[in-house]
Amino acid sequence: MKDLTNKKILFIICGGISAYKSLETIRLFKKYNAEIKTILTKSAKEFVTPLSISSLSQGKVYDDLFNLENEAEMDHISLSRWADVIIIAPATANTIAKLSFGSSDDLASTVILASNKQIFLAPAMNVRMWEHQSTKDNLKTLKNFGYKVIGPVTGDMACGEYGEGKMSDPIDIFNEIKDFLLNKQKNKKIKALITAGPTYEYLDPVRFISNKSSGKQGFEIAKSLSKKGFNTTLISGPTNLEVGENINLVKVETAEEMLKATQQNLPADIAIFSAAVADFKLKKMSSTKIKKQDNLTLNLEKNVDILHYVSNHNSMRPKLVIGFAAETDQLNENAIQKLSNKNCDWIIANDVSKNNSGFNSDYNEVVIHYKDNKKKTEKLSFRKKSEISEEIVDRIVNHISNG
Ligand code: PMT
């Protein structure tokens, strides 16, 4: 097994009987040379001691937000930036609830709130607490934020009951995080290109034709790719969205500019086309502001098709080309047609007829169709665009690992 030298892990231990299992998890990471820092919540100290953790991890153990010595050495923001990955194990029902509404009343929650890294949770609690609707809702919120949940598993509990809620075994937690870290390292060498947002096609210097795309879906995909370590370039039409860390953002306005930026960023290994590129542009843009008149006829012509250009490139076609198909009717039929016409490997059919999803919403609902007809069509039902993005990127990672 490859080792984890230079991989930095921030362990957050909450107060639960399975806190003792974290010692074994830390030991596994140390065995593979990972660097570890640990935060103990106040109640975690009732179950494990800072001394036992620091002896095993050979790293600093933090426990108090307002400890001047700690803040001088490494403040809570730097601590969250330091880590490659954050693991909360055991994650109690209380911590899960606090994180879901963004509480930051101690060091653990403050660091998590300030983090831009992948966060893993290994829940552990009584079966009734695990099955409670509030825990389910809180976990759903955290999954929407992009947190990964490991376990829990079913078995006998410390409280004497039997059911789902036991923390996963240390080896399973270790394996999942090790795979994430090693994939991330491998993905750094893989270049991913994403187009996002609308384009503006100018009539004159101040007016343009455009559409309702906010860029949210494409930005979320770029974020998910970057979190998994891909060398990510995002080519975006006009939006007011913030771009995540480590993403190379290229801003454009028109379809012509988007094509040029795409050409400049080839070759790429993966290309995802989520932009809503205007299909038409003015045959001739007026160089001065068009004067007010009773009627105006616009002479439009077909715009460049960026996806078609890339997917049919002789020498620089990415190994994986993924298009989107925004449809208001006959969703799957039209998408399958585009899969073939645009020579994509996958097409993501996006129903844009609803008000609560699709264009300019935080939510979406899509169906993925594959060129490889051995692969089954998959529906990702109504959920946050961040979650849709994670699902798409997980499939990309699987596709790459399976050659
Ligand atoms: O931006 P949001 O508000 O988050 O909304 C997300 C979205 C609905 C815009 C997105 O999920 C989506 O469906 N994007 C595709 C929009 C679109 O233009 O679809 P289309 O069916 O017209 O185009 C098919 C494919 O060809 C798309 O991958 C598109 O990027 C690409 N295309 C289209 C025309 C063109 N001239 N060049 C292209 O590259």
# chains A, B, ... in the order shown; residues from 1 in each chain; ligands from 1
>>> residues_near_ligand(ligand="ligand 1", cutoff="7 Å", atoms="only C-alpha atoms and all ligand atoms", output="ChimeraX atom specification")
/A:195-198,212-218,255,273-279,303-308,323-327,338,350,352,358-361
>>> residues_around(residues="region 103-118 of chain A", least_positions_apart="2", cutoff="6 Å", atoms="only C-alpha atoms", output="compact mmCIF listing (two decimals) with N, CA, C and O atoms, in the first residue's frame")
# COMPACT_ATOMS: atom_id res chain seq x y z
N ASP A 64 -9.25 24.21 23.00
CA ASP A 64 -9.92 25.40 23.48
C ASP A 64 -9.80 26.53 22.47
O ASP A 64 -8.70 26.91 22.08
N LEU A 65 -10.93 27.06 22.03
CA LEU A 65 -10.92 28.11 21.01
C LEU A 65 -10.10 29.31 21.43
O LEU A 65 -9.37 29.91 20.65
N HIS A 76 -7.27 29.44 14.31
CA HIS A 76 -8.24 28.44 13.85
C HIS A 76 -8.42 28.43 12.33
O HIS A 76 -8.73 27.41 11.74
N SER A 80 -7.61 25.12 9.79
CA SER A 80 -8.50 24.53 8.79
C SER A 80 -7.81 24.53 7.42
O SER A 80 -8.05 23.65 6.61
N VAL A 85 -7.52 17.10 4.76
CA VAL A 85 -8.83 16.51 4.96
C VAL A 85 -9.19 16.60 6.45
O VAL A 85 -8.29 16.61 7.30
N LYS A 98 -25.27 20.90 15.33
CA LYS A 98 -24.59 22.21 15.39
C LYS A 98 -24.03 22.60 14.02
O LYS A 98 -24.16 23.73 13.57
N LEU A 99 -23.39 21.61 13.36
CA LEU A 99 -22.77 21.91 12.07
C LEU A 99 -23.81 22.25 11.01
O LEU A 99 -23.56 23.06 10.11
N PHE A 101 -26.48 23.95 11.32
CA PHE A 101 -26.92 25.35 11.30
C PHE A 101 -25.77 26.34 11.47
O PHE A 101 -25.97 27.52 11.76
>>> select_by_dssp(residues="region 357-403 of chain A", states="helix (DSSP H, G or I)", output="PDB file with N, CA, C and O atoms, in the first residue's frame")
ATOM      1  N   LYS A 385     -27.742  21.631  -6.279  1.00  0.00           N
ATOM      2  CA  LYS A 385     -26.765  21.536  -7.377  1.00  0.00           C
ATOM      3  C   LYS A 385     -25.416  21.055  -6.857  1.00  0.00           C
ATOM      4  O   LYS A 385     -24.680  20.375  -7.571  1.00  0.00           O
ATOM      5  N   SER A 386     -25.085  21.394  -5.605  1.00  0.00           N
ATOM      6  CA  SER A 386     -23.810  20.937  -5.036  1.00  0.00           C
ATOM      7  C   SER A 386     -23.806  19.408  -4.958  1.00  0.00           C
ATOM      8  O   SER A 386     -22.806  18.764  -5.248  1.00  0.00           O
ATOM      9  N   GLU A 387     -24.956  18.841  -4.611  1.00  0.00           N
ATOM     10  CA  GLU A 387     -25.043  17.374  -4.481  1.00  0.00           C
ATOM     11  C   GLU A 387     -25.008  16.704  -5.861  1.00  0.00           C
ATOM     12  O   GLU A 387     -24.362  15.674  -6.039  1.00  0.00           O
ATOM     13  N   ILE A 388     -25.707  17.312  -6.828  1.00  0.00           N
ATOM     14  CA  ILE A 388     -25.681  16.794  -8.206  1.00  0.00           C
ATOM     15  C   ILE A 388     -24.234  16.777  -8.691  1.00  0.00           C
ATOM     16  O   ILE A 388     -23.764  15.811  -9.290  1.00  0.00           O
ATOM     17  N   SER A 389     -23.503  17.846  -8.381  1.00  0.00           N
ATOM     18  CA  SER A 389     -22.105  17.963  -8.824  1.00  0.00           C
ATOM     19  C   SER A 389     -21.254  16.872  -8.205  1.00  0.00           C
ATOM     20  O   SER A 389     -20.455  16.240  -8.890  1.00  0.00           O
ATOM     21  N   GLU A 390     -21.429  16.652  -6.905  1.00  0.00           N
ATOM     22  CA  GLU A 390     -20.662  15.598  -6.229  1.00  0.00           C
ATOM     23  C   GLU A 390     -20.940  14.253  -6.893  1.00  0.00           C
ATOM     24  O   GLU A 390     -20.035  13.460  -7.118  1.00  0.00           O
ATOM     25  N   GLU A 391     -22.216  14.006  -7.203  1.00  0.00           N
ATOM     26  CA  GLU A 391     -22.608  12.728  -7.815  1.00  0.00           C
ATOM     27  C   GLU A 391     -21.954  12.576  -9.189  1.00  0.00           C
ATOM     28  O   GLU A 391     -21.473  11.503  -9.540  1.00  0.00           O
ATOM     29  N   ILE A 392     -21.962  13.655  -9.962  1.00  0.00           N
ATOM     30  CA  ILE A 392     -21.361  13.593 -11.306  1.00  0.00           C
ATOM     31  C   ILE A 392     -19.859  13.336 -11.176  1.00  0.00           C
ATOM     32  O   ILE A 392     -19.294  12.475 -11.856  1.00  0.00           O
ATOM     33  N   VAL A 393     -19.216  14.074 -10.259  1.00  0.00           N
ATOM     34  CA  VAL A 393     -17.757  13.944 -10.129  1.00  0.00           C
ATOM     35  C   VAL A 393     -17.384  12.562  -9.565  1.00  0.00           C
ATOM     36  O   VAL A 393     -16.383  11.981  -9.975  1.00  0.00           O
ATOM     37  N   ASP A 394     -18.199  12.024  -8.666  1.00  0.00           N
ATOM     38  CA  ASP A 394     -17.940  10.654  -8.180  1.00  0.00           C
ATOM     39  C   ASP A 394     -17.939   9.677  -9.357  1.00  0.00           C
ATOM     40  O   ASP A 394     -17.118   8.768  -9.427  1.00  0.00           O
ATOM     41  N   ARG A 395     -18.883   9.882 -10.292  1.00  0.00           N
ATOM     42  CA  ARG A 395     -18.942   8.990 -11.463  1.00  0.00           C
ATOM     43  C   ARG A 395     -17.724   9.193 -12.365  1.00  0.00           C
ATOM     44  O   ARG A 395     -17.222   8.249 -12.965  1.00  0.00           O
ATOM     45  N   ILE A 396     -17.259  10.434 -12.440  1.00  0.00           N
ATOM     46  CA  ILE A 396     -16.053  10.695 -13.254  1.00  0.00           C
ATOM     47  C   ILE A 396     -14.863   9.960 -12.634  1.00  0.00           C
ATOM     48  O   ILE A 396     -14.085   9.304 -13.324  1.00  0.00           O
ATOM     49  N   VAL A 397     -14.741  10.056 -11.311  1.00  0.00           N
ATOM     50  CA  VAL A 397     -13.629   9.394 -10.610  1.00  0.00           C
ATOM     51  C   VAL A 397     -13.695   7.881 -10.845  1.00  0.00           C
ATOM     52  O   VAL A 397     -12.696   7.245 -11.175  1.00  0.00           O
ATOM     53  N   ASN A 398     -14.891   7.304 -10.732  1.00  0.00           N
ATOM     54  CA  ASN A 398     -15.053   5.858 -10.981  1.00  0.00           C
ATOM     55  C   ASN A 398     -14.683   5.500 -12.400  1.00  0.00           C
ATOM     56  O   ASN A 398     -14.009   4.511 -12.646  1.00  0.00           O
ATOM     57  N   HIS A 399     -15.135   6.330 -13.329  1.00  0.00           N
ATOM     58  CA  HIS A 399     -14.869   6.080 -14.752  1.00  0.00           C
ATOM     59  C   HIS A 399     -13.358   6.055 -14.993  1.00  0.00           C
ATOM     60  O   HIS A 399     -12.845   5.167 -15.665  1.00  0.00           O
ATOM     61  N   ILE A 400     -12.652   7.007 -14.392  1.00  0.00           N
ATOM     62  CA  ILE A 400     -11.198   7.088 -14.583  1.00  0.00           C
ATOM     63  C   ILE A 400     -10.519   5.880 -13.935  1.00  0.00           C
ATOM     64  O   ILE A 400      -9.649   5.261 -14.528  1.00  0.00           O
ATOM     65  N   SER A 401     -10.952   5.535 -12.718  1.00  0.00           N
ATOM     66  CA  SER A 401     -10.283   4.418 -12.032  1.00  0.00           C
ATOM     67  C   SER A 401     -10.517   3.086 -12.743  1.00  0.00           C
ATOM     68  O   SER A 401      -9.704   2.199 -12.658  1.00  0.00           O
TER      69      SER A 401
END
>>> residues_around(residues="Val243 (chain A)", least_positions_apart="5", cutoff="12 Å", atoms="only C-alpha atoms", output="ChimeraX atom specification")
/A:116,196,215-216,218-224,226,232-236,248-251
